[in-house]
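Raw coords08.csv, CSV, C-alpha atoms:
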chain,number,residue,atom,x,y,z
A,1,MET,CA,46.2,16.9,18.1
A,2,ASN,CA,45.8,15.0,14.8
A,3,GLU,CA,42.8,15.0,12.5
A,4,VAL,CA,41.4,11.7,13.9
A,5,GLU,CA,41.6,12.9,17.5
A,6,GLN,CA,39.9,16.2,16.5
A,7,LYS,CA,37.1,14.4,14.7
A,8,TRP,CA,36.5,12.1,17.7
A,9,LEU,CA,36.4,15.1,20.1
A,10,ALA,CA,34.1,17.1,17.8
A,11,GLN,CA,31.6,14.2,17.7
A,12,LEU,CA,31.7,13.8,21.5
A,13,ARG,CA,31.2,17.5,22.0
A,14,LYS,CA,28.5,17.7,19.4
A,15,GLY,CA,26.2,15.2,21.2
A,16,PHE,CA,27.0,16.8,24.6
A,17,LEU,CA,26.3,20.3,23.2
A,18,GLU,CA,23.0,19.2,21.8
A,19,MET,CA,22.0,17.8,25.2
A,20,CYS,CA,23.1,21.1,26.8
A,21,VAL,CA,21.0,23.1,24.4
A,22,LEU,CA,17.9,21.1,25.3
A,23,VAL,CA,18.7,21.5,29.0
A,24,VAL,CA,18.9,25.3,28.8
A,25,LEU,CA,15.8,25.6,26.7
A,26,ARG,CA,13.9,23.3,29.1
A,27,GLU,CA,14.9,25.5,32.0
A,28,GLN,CA,14.4,28.9,30.3
A,29,GLY,CA,11.4,28.1,28.0
A,30,SER,CA,13.0,29.7,25.0
A,31,SER,CA,16.2,31.4,23.9
A,32,TYR,CA,18.2,32.5,20.9
A,33,GLY,CA,21.6,31.8,19.4
A,34,PHE,CA,23.6,34.7,20.8
A,35,ALA,CA,22.2,34.3,24.3
A,36,LEU,CA,22.9,30.6,24.3
A,37,ILE,CA,26.6,31.2,23.3
A,38,GLN,CA,27.0,33.6,26.1
A,39,GLN,CA,25.6,31.2,28.6
A,40,PHE,CA,27.7,28.3,27.4
A,41,GLN,CA,30.9,30.4,27.5
A,42,ALA,CA,30.0,31.6,31.0
A,43,SER,CA,29.8,28.0,32.1
A,44,GLY,CA,33.3,27.3,30.8
A,45,MET,CA,32.3,25.5,27.6
A,46,GLU,CA,34.1,26.4,24.4
A,47,VAL,CA,31.3,27.0,21.9
A,48,ASN,CA,31.7,29.1,18.7
A,49,GLU,CA,29.1,30.5,16.4
A,50,GLY,CA,30.1,28.3,13.5
A,51,THR,CA,29.2,25.2,15.6
A,52,LEU,CA,26.1,26.4,17.5
A,53,TYR,CA,24.1,27.9,14.7
A,54,PRO,CA,24.2,25.0,12.3
A,55,MET,CA,23.5,22.7,15.2
A,56,LEU,CA,20.4,24.7,16.2
A,57,ASN,CA,19.3,24.6,12.5
A,58,ARG,CA,19.8,20.8,12.4
A,59,MET,CA,18.0,20.2,15.7
A,60,HIS,CA,15.1,22.3,14.4
A,61,LYS,CA,15.0,20.2,11.2
A,62,ASN,CA,15.1,17.0,13.2
A,63,GLY,CA,12.0,18.2,15.0
A,64,TRP,CA,13.6,18.5,18.4
A,65,LEU,CA,13.2,22.3,18.5
A,66,GLU,CA,10.6,24.8,17.5
A,67,SER,CA,11.5,28.3,16.4
A,68,ASN,CA,9.8,31.6,15.8
A,69,TRP,CA,11.0,35.1,15.1
A,70,GLU,CA,10.3,37.6,17.9
A,71,THR,CA,11.2,41.2,18.3
A,72,PRO,CA,11.6,42.0,22.1
A,73,THR,CA,10.3,45.4,23.1
A,74,ASP,CA,13.8,46.3,24.6
A,75,SER,CA,15.6,45.6,21.4
A,76,GLY,CA,15.1,46.8,18.0
A,77,HIS,CA,15.9,43.7,15.9
A,78,PRO,CA,14.1,40.4,15.5
A,79,ARG,CA,15.7,37.2,16.8
A,80,ARG,CA,15.1,33.6,16.1
A,81,PHE,CA,13.9,32.1,19.4
A,82,TYR,CA,14.1,28.4,19.9
A,83,SER,CA,12.1,26.2,22.3
A,84,LEU,CA,11.7,22.5,23.0
A,85,SER,CA,9.2,20.6,20.8
A,86,LYS,CA,7.3,17.7,22.2
A,87,LEU,CA,9.9,15.4,20.6
A,88,GLY,CA,12.7,17.3,22.2
A,89,SER,CA,10.9,17.2,25.6
A,90,ARG,CA,10.6,13.4,25.4
A,91,LEU,CA,14.2,13.0,24.1
A,92,LEU,CA,16.0,15.0,26.8
A,93,PRO,CA,15.3,12.7,29.9
A,94,ALA,CA,16.6,9.7,27.9
A,95,MET,CA,19.7,11.7,26.9
A,96,ILE,CA,20.4,12.6,30.5
A,97,ASP,CA,19.9,9.1,31.7
A,98,THR,CA,22.2,7.7,29.1
A,99,PHE,CA,24.8,10.4,29.9
A,100,ARG,CA,24.7,9.6,33.6
A,101,GLN,CA,25.0,5.9,33.0
A,102,GLN,CA,28.0,6.4,30.9
A,103,GLN,CA,29.5,8.9,33.3
A,104,ALA,CA,29.0,6.3,36.2
A,105,ALA,CA,30.5,3.5,34.0
A,106,LEU,CA,33.5,5.7,33.2
A,107,ALA,CA,34.0,6.6,36.9
A,108,TYR,CA,33.8,2.9,37.8
A,109,LEU,CA,36.3,1.9,35.2
A,110,LEU,CA,38.8,4.7,36.1
A,111,GLU,CA,38.5,3.7,39.7
A,112,LYS,CA,39.1,0.0,39.0
A,113,SER,CA,42.1,0.7,36.8
B,114,MET,CA,36.5,39.5,3.9
B,115,ASN,CA,34.0,42.0,5.2
B,116,ASN,CA,30.7,40.8,6.7
B,117,GLU,CA,28.5,41.6,3.7
B,118,LYS,CA,30.9,39.7,1.4
B,119,TYR,CA,30.9,36.8,3.9
B,120,ILE,CA,27.1,36.6,3.9
B,121,ALA,CA,27.0,36.8,0.1
B,122,ALA,CA,29.6,34.0,-0.1
B,123,LEU,CA,27.6,31.9,2.3
B,124,LYS,CA,24.5,32.5,0.3
B,125,GLN,CA,26.3,31.2,-2.7
B,126,ALA,CA,27.7,28.2,-0.9
B,127,LEU,CA,24.2,27.3,0.4
B,128,ALA,CA,22.7,27.5,-3.1
B,129,GLY,CA,21.9,23.7,-3.0
B,130,MET,CA,19.6,24.3,-0.1
B,131,ASP,CA,15.9,25.2,-0.4
B,132,ARG,CA,15.4,28.9,-0.6
B,133,ALA,CA,13.3,29.4,2.6
B,134,SER,CA,15.8,27.5,4.8
B,135,ARG,CA,18.7,29.5,3.2
B,136,GLU,CA,17.1,32.8,3.8
B,137,GLU,CA,16.3,31.9,7.4
B,138,ILE,CA,19.9,31.0,8.1
B,139,LEU,CA,21.2,34.3,6.6
B,140,ARG,CA,18.6,36.3,8.5
B,141,GLU,CA,19.7,34.6,11.8
B,142,ILE,CA,23.4,35.4,11.1
B,143,ARG,CA,22.4,39.0,10.5
B,144,SER,CA,20.5,39.0,13.7
B,145,HIS,CA,23.6,37.7,15.5
B,146,LEU,CA,25.6,40.5,14.1
B,147,GLU,CA,23.2,43.0,15.6
B,148,ASP,CA,23.5,41.3,19.0
B,149,ALA,CA,27.3,41.0,18.9
B,150,ARG,CA,27.9,44.6,18.0
B,151,ASP,CA,31.7,44.1,18.1
B,152,THR,CA,34.4,44.6,15.6
B,153,GLU,CA,35.2,41.0,15.2
B,154,SER,CA,34.3,39.8,11.7
B,155,LEU,CA,31.8,37.1,10.9
B,156,GLU,CA,34.7,35.1,9.4
B,157,ALA,CA,36.5,35.2,12.8
B,158,ARG,CA,33.4,34.1,14.7
B,159,PHE,CA,31.8,31.6,12.3
B,160,GLY,CA,35.0,30.3,10.6
B,161,PRO,CA,35.6,29.9,6.9
B,162,VAL,CA,32.5,30.1,4.7
B,163,ALA,CA,33.1,26.7,3.1
B,164,GLU,CA,33.4,25.1,6.5
B,165,LEU,CA,30.2,26.8,7.8
B,166,ALA,CA,28.3,25.9,4.7
B,167,LYS,CA,29.4,22.3,5.1
B,168,GLN,CA,28.0,22.3,8.7
B,169,TYR,CA,24.7,23.6,7.5
B,170,LEU,CA,24.5,21.3,4.5
B,171,ASP,CA,25.4,18.2,6.6
B,172,GLY,CA,22.5,15.8,6.1
B,173,GLU,CA,20.5,18.4,4.3
B,174,PRO,CA,18.7,17.2,1.2
B,175,LEU,CA,19.9,19.3,-1.7
B,176,SER,CA,17.3,21.1,-3.7
B,177,GLN,CA,17.0,20.1,-7.3
B,178,GLY,CA,18.0,21.9,-10.3
B,179,LEU,CA,15.5,23.1,-12.9
B,180,SER,CA,16.2,20.1,-15.3
B,181,ALA,CA,15.8,17.6,-12.4
B,182,ARG,CA,12.6,19.3,-11.3
B,183,LEU,CA,11.2,19.2,-14.9
B,184,LEU,CA,12.2,15.6,-15.1
B,185,ASN,CA,10.3,14.8,-11.9
B,186,LEU,CA,7.4,16.8,-13.1
B,187,GLY,CA,7.3,14.8,-16.3
B,188,LYS,CA,7.5,11.6,-14.3
B,189,ALA,CA,4.7,12.7,-12.0
B,190,ALA,CA,2.6,13.6,-15.1
B,191,LEU,CA,3.2,10.2,-16.7
B,192,LEU,CA,2.4,8.5,-13.4
B,193,GLY,CA,-0.8,10.5,-13.2
B,194,LEU,CA,-1.8,9.7,-16.8
B,195,GLY,CA,-0.9,6.1,-16.2
B,196,GLY,CA,-3.1,6.0,-13.1
B,197,VAL,CA,-6.0,7.6,-15.0
B,198,ALA,CA,-5.6,5.1,-17.8
B,199,LEU,CA,-5.4,2.2,-15.3
B,200,ALA,CA,-8.5,3.4,-13.6
B,201,LEU,CA,-10.4,3.6,-16.9
B,202,VAL,CA,-9.3,0.1,-17.9
B,203,LEU,CA,-10.4,-1.2,-14.5
B,204,LEU,CA,-13.7,0.6,-14.9
B,205,VAL,CA,-14.4,-0.7,-18.4
B,206,THR,CA,-13.4,-4.2,-17.3
B,207,GLY,CA,-15.7,-4.0,-14.3
B,208,LEU,CA,-18.6,-2.8,-16.5
B,209,ILE,CA,-17.9,-5.6,-19.1
B,210,LEU,CA,-17.8,-8.2,-16.3
B,211,PHE,CA,-21.0,-6.8,-14.7
B,212,PHE,CA,-23.0,-6.8,-17.9
B,213,SER,CA,-21.7,-10.0,-19.5
B,214,GLY,CA,-21.0,-12.0,-16.4
B,215,ASP,CA,-23.0,-14.8,-15.0
B,216,ARG,CA,-24.8,-13.1,-12.2
B,217,PHE,CA,-27.1,-15.9,-11.6
B,218,ASP,CA,-26.7,-18.1,-8.5
B,219,TYR,CA,-27.9,-21.4,-10.0
B,220,ALA,CA,-27.4,-23.3,-6.7
B,221,ASP,CA,-30.0,-21.2,-5.2
B,222,GLU,CA,-33.5,-22.8,-5.5
B,223,THR,CA,-34.9,-19.4,-6.2
B,224,ALA,CA,-33.0,-19.5,-9.4
B,225,LEU,CA,-35.9,-21.5,-10.8
B,226,ALA,CA,-38.0,-18.4,-10.6
B,227,ALA,CA,-35.6,-16.5,-12.8
B,228,GLU,CA,-36.9,-15.1,-16.1
B,229,ILE,CA,-35.1,-15.9,-19.3
B,230,ASP,CA,-36.6,-13.1,-21.3
B,231,ALA,CA,-40.1,-14.3,-20.4
B,232,VAL,CA,-39.6,-17.6,-22.2
B,233,GLU,CA,-42.3,-20.1,-21.0
B,234,TRP,CA,-41.5,-23.4,-19.3
B,235,MET,CA,-42.1,-26.4,-21.6
B,236,SER,CA,-42.7,-29.9,-20.3
B,237,ARG,CA,-43.0,-33.5,-21.5
B,238,GLU,CA,-43.7,-36.6,-19.7
B,239,TRP,CA,-40.6,-38.8,-19.7
B,240,GLN,CA,-39.9,-42.4,-19.2
B,241,GLY,CA,-36.5,-44.1,-19.3
B,242,SER,CA,-33.1,-42.5,-19.6
B,243,ILE,CA,-32.4,-39.1,-20.9
B,244,ALA,CA,-29.9,-38.2,-23.6
B,245,LEU,CA,-28.7,-34.7,-24.0
B,246,GLU,CA,-26.5,-33.2,-26.6
B,247,ILE,CA,-25.2,-29.8,-25.8
B,248,GLU,CA,-23.1,-27.8,-28.2
B,249,GLN,CA,-21.9,-24.3,-27.7
B,250,ALA,CA,-24.6,-23.6,-25.2
B,251,HIS,CA,-25.0,-22.7,-21.5
B,252,THR,CA,-27.1,-25.2,-19.6
B,253,VAL,CA,-28.1,-25.6,-16.0
B,254,LEU,CA,-29.7,-28.9,-14.8
B,255,TYR,CA,-31.8,-29.5,-11.7
B,256,TRP,CA,-33.6,-32.7,-10.7
B,257,HIS,CA,-37.1,-33.1,-9.3
B,258,ASP,CA,-39.4,-35.9,-8.3
B,259,VAL,CA,-42.0,-35.5,-11.1
B,260,PRO,CA,-41.7,-37.9,-14.1
B,261,GLU,CA,-41.6,-35.0,-16.5
B,262,LEU,CA,-38.9,-33.1,-18.2
B,263,HIS,CA,-39.3,-29.3,-17.9
B,264,TRP,CA,-37.2,-27.0,-19.9
B,265,ARG,CA,-37.0,-23.3,-20.5
B,266,CYS,CA,-34.7,-22.3,-23.2
B,267,LYS,CA,-33.7,-19.4,-25.3
B,268,GLY,CA,-31.7,-19.9,-28.4
B,269,ARG,CA,-31.7,-20.7,-32.1
B,270,ASP,CA,-31.5,-24.6,-32.1
B,271,ILE,CA,-33.4,-26.1,-29.3
B,272,LEU,CA,-35.0,-29.2,-30.5
B,273,ASP,CA,-38.2,-30.2,-28.9
B,274,PRO,CA,-37.4,-33.6,-27.3
B,275,ILE,CA,-39.4,-36.7,-28.0
B,276,PRO,CA,-39.2,-39.3,-25.2
B,277,GLY,CA,-36.6,-41.9,-26.1
B,278,SER,CA,-34.7,-39.5,-28.4
B,279,LEU,CA,-32.1,-36.8,-27.9
B,280,LEU,CA,-32.7,-33.4,-26.5
B,281,LYS,CA,-30.4,-31.2,-28.5
B,282,ILE,CA,-29.3,-27.8,-27.3
B,283,ARG,CA,-27.2,-25.7,-29.7
B,284,HIS,CA,-26.3,-22.1,-29.4
B,285,GLY,CA,-28.8,-21.6,-26.6
B,286,TYR,CA,-29.3,-21.0,-23.0
B,287,CYS,CA,-31.4,-23.5,-21.0
B,288,LEU,CA,-32.6,-24.3,-17.6
B,289,LEU,CA,-33.7,-28.0,-17.3
B,290,LEU,CA,-35.6,-29.8,-14.6
B,291,LEU,CA,-35.0,-33.5,-15.1
B,292,PRO,CA,-36.9,-36.5,-13.7
B,293,ARG,CA,-34.9,-38.9,-11.6
B,294,HIS,CA,-33.8,-41.0,-14.5
B,295,SER,CA,-30.2,-41.6,-15.5
B,296,ALA,CA,-28.9,-39.2,-18.0
B,297,THR,CA,-26.2,-39.2,-20.6
B,298,MET,CA,-24.7,-36.0,-21.9
B,299,LYS,CA,-22.5,-35.2,-24.7
B,300,VAL,CA,-21.1,-31.7,-24.1
B,301,SER,CA,-19.1,-29.8,-26.6
B,302,GLN,CA,-17.7,-26.3,-26.2
B,303,SER,CA,-20.3,-25.5,-23.6
B,304,ASP,CA,-20.8,-24.4,-20.0
B,305,VAL,CA,-22.9,-26.9,-18.0
B,306,VAL,CA,-23.9,-26.7,-14.4
B,307,LEU,CA,-25.3,-29.7,-12.5
B,308,ILE,CA,-27.2,-28.7,-9.3
B,309,ARG,CA,-27.1,-31.5,-6.7
B,310,PRO,CA,-27.5,-34.5,-9.1
B,311,ARG,CA,-30.3,-36.8,-7.9
B,312,ALA,CA,-29.8,-39.4,-10.6
B,313,SER,CA,-26.7,-40.9,-12.3
B,314,VAL,CA,-25.1,-38.9,-15.0
B,315,GLU,CA,-22.7,-40.0,-17.6
B,316,ALA,CA,-21.1,-37.1,-19.3
B,317,SER,CA,-18.6,-36.8,-22.1
B,318,LEU,CA,-16.9,-33.4,-22.2
B,319,ASP,CA,-15.0,-31.9,-25.1
B,320,GLN,CA,-13.5,-28.5,-24.6
B,321,ALA,CA,-16.2,-27.8,-22.1
B,322,SER,CA,-16.7,-26.5,-18.6
B,323,LEU,CA,-18.7,-28.6,-16.1
B,324,ARG,CA,-19.5,-27.2,-12.7
B,325,ILE,CA,-21.2,-29.4,-10.1
B,326,ALA,CA,-22.9,-28.4,-6.9
B,327,PRO,CA,-22.4,-31.6,-4.8
B,328,ASP,CA,-25.5,-33.1,-3.1
B,329,GLY,CA,-23.7,-33.6,0.2
B,330,ASP,CA,-22.1,-37.1,0.2
B,331,ARG,CA,-24.9,-38.7,-1.8
B,332,ASN,CA,-22.8,-38.9,-5.0
B,333,ARG,CA,-20.0,-41.0,-6.3
B,334,TYR,CA,-17.7,-39.2,-8.7
B,335,ASP,CA,-15.7,-41.0,-11.4
B,336,PHE,CA,-13.6,-38.7,-13.6
B,337,LYS,CA,-11.4,-39.6,-16.5
B,338,SER,CA,-9.4,-36.7,-17.7
B,339,ILE,CA,-7.4,-36.1,-20.8
B,340,ASN,CA,-5.6,-32.8,-20.8
B,341,SER,CA,-8.3,-31.6,-18.3
B,342,GLU,CA,-8.4,-30.2,-14.8
B,343,SER,CA,-10.8,-31.2,-12.1
B,344,ASP,CA,-11.5,-30.1,-8.5
B,345,HIS,CA,-11.6,-32.5,-5.7
B,346,PHE,CA,-15.2,-33.7,-5.0
B,347,PRO,CA,-16.6,-35.3,-1.8
B,348,SER,CA,-17.1,-38.7,-3.4
B,349,ASN,CA,-19.0,-41.4,-1.5
B,350,PRO,CA,-17.9,-44.9,-2.8
B,351,ASP,CA,-21.2,-46.5,-1.5
B,352,ALA,CA,-23.5,-43.9,-3.2
B,353,MET,CA,-26.0,-45.2,-5.8
B,354,THR,CA,-26.0,-41.9,-7.7
B,355,VAL,CA,-22.9,-41.8,-9.9
B,356,VAL,CA,-21.5,-38.8,-11.8
B,357,SER,CA,-19.2,-40.3,-14.3
B,358,VAL,CA,-17.3,-37.8,-16.6
B,359,GLU,CA,-14.9,-38.3,-19.3
B,360,ALA,CA,-13.3,-35.0,-20.0
B,361,ARG,CA,-11.1,-33.9,-22.8
B,362,GLU,CA,-9.5,-30.5,-22.7
B,363,SER,CA,-12.1,-29.5,-20.2
B,364,THR,CA,-12.5,-28.3,-16.6
B,365,ILE,CA,-14.6,-29.8,-13.9
B,366,GLN,CA,-15.2,-27.5,-10.9
B,367,VAL,CA,-17.1,-27.5,-7.7
B,368,TYR,CA,-19.9,-25.1,-7.9

Is it possible to give me this structure as structure tokens?
Amino acid sequence: MNEVEQKWLAQLRKGFLEMCVLVVLREQGSSYGFALIQQFQASGMEVNEGTLYPMLNRMHKNGWLESNWETPTDSGHPRRFYSLSKLGSRLLPAMIDTFRQQQAALAYLLEKS
Amino acid sequence: MNNEKYIAALKQALAGMDRASREEILREIRSHLEDARDTESLEARFGPVAELAKQYLDGEPLSQGLSARLLNLGKAALLGLGGVALALVLLVTGLILFFSGDRFDYADETALAAEIDAVEWMSREWQGSIALEIEQAHTVLYWHDVPELHWRCKGRDILDPIPGSLLKIRHGYCLLLLPRHSATMKVSQSDVVLIRPRASVEASLDQASLRIAPDGDRNRYDFKSINSESDHFPSNPDAMTVVSVEARESTIQVY
């Protein structure tokens, strides 16, 4: 795969992964980086730390996520927990709608061709 | 590269970021290490330091160096001083305008009740036309139905008028109540206000300001201007009362 193809795929995955982060956080209320990676990997997605953590940081800066440091009682070290902000909550339905429309359009085009 | 060196190198690579954000990123990576508890290095999980730093810095506003911060501080201080200076200038200008400005609404009939430093009203019976010579003075003229000229002036050179002769106003400030006789005015370097002219006026202006409060459509206006500016007045061509002005380097405005 050449550099142009890699860049295109990276951009496609980036938007998709951001949407997946919002979906998981909406369902779970809050979560942290390591747990998110495990969940994504369990679902079959290839996500590495070097992609996810900067992405969480950027989504937080964009105001889509809120974060706070918590130390769960069953574990001795603090973790940065993320949750959806109001902006993120509003954004997610629009993202899912757009994704579904594109998915349907692609399915239609593939079927016709 | 061991994990501590990796974190130190990342810290160095994120030096352009603000300190709080950078420390939070490093703390989160250390927290991840605690969770992972495996032998795989940070470099293997997160990739090369430069690449990870690039991901974090993507779209991140870089923090400024000391010199840039000092420069911005200087700019802010100058802007602040400029703002204070501007506010002072505006305040002083406002005060000057307030204390020196013409705060008198001459078009208001109650203006007649105004005091000019307790100067008494003077009056003369008057027949025939009226001639005024106004030089470096401020004069406001009204008309009334009484055959008398009333005046109330303050100034150095106000000459007591004798019927049939000139009323000279120099270096003064006057309110005049004119009988309904035609008037001629020679105005030089003065500010004159005509309130609803009820008799014809023939004025010659030289470097003067004439303001007229129109009397509805009861006046006809005839202006001849040389290097002068005049507003548009509601002139009635059939009106018997004519305001005729020859202006040189003067302004004629609606009051």

Could you please select, counting only C-alpha atoms, the residues of chain B within 7 Å of chain A and state them as a VMD selection string?
chain B and resid 141 144 to 145 148 158 to 160 165 168 to 169

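Between atom CA of Ala250 of chain B and atom CA of Gln302 of chain B there is a distance of 7.5 Å.
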
Rounded to one decimal place, report the atom CA of Asp304 of chain B-atom CA of Leu203 of chain B distance in Å.
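For atom CA of Asp304 of chain B relative to atom CA of Leu203 of chain B, the distance reads 26.0 Å.
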
Atom CA of Arg293 of chain B sits from atom CA of Pro260 of chain B at a separation of 7.3 Å

Compile the contact shell of Glu248 of chain B as a PDB file with C-alpha atoms, keeping the file's coordinate frame: residues with an atom at most 10 Å away, counting only C-alpha atoms, same-chain residues fewer than 5 positions apart removed.
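The result, stored in around-v6.pdb:
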ATOM      1  CA  ASP B 270     -31.500 -24.600 -32.100  1.00  0.00           C
ATOM      2  CA  LYS B 281     -30.400 -31.200 -28.500  1.00  0.00           C
ATOM      3  CA  ILE B 282     -29.300 -27.800 -27.300  1.00  0.00           C
ATOM      4  CA  ARG B 283     -27.200 -25.700 -29.700  1.00  0.00           C
ATOM      5  CA  HIS B 284     -26.300 -22.100 -29.400  1.00  0.00           C
ATOM      6  CA  GLY B 285     -28.800 -21.600 -26.600  1.00  0.00           C
ATOM      7  CA  LYS B 299     -22.500 -35.200 -24.700  1.00  0.00           C
ATOM      8  CA  VAL B 300     -21.100 -31.700 -24.100  1.00  0.00           C
ATOM      9  CA  SER B 301     -19.100 -29.800 -26.600  1.00  0.00           C
ATOM     10  CA  GLN B 302     -17.700 -26.300 -26.200  1.00  0.00           C
ATOM     11  CA  SER B 303     -20.300 -25.500 -23.600  1.00  0.00           C
ATOM     12  CA  ASP B 304     -20.800 -24.400 -20.000  1.00  0.00           C
ATOM     13  CA  ASP B 319     -15.000 -31.900 -25.100  1.00  0.00           C
ATOM     14  CA  ALA B 321     -16.200 -27.800 -22.100  1.00  0.00           C
TER      15      ALA B 321
END
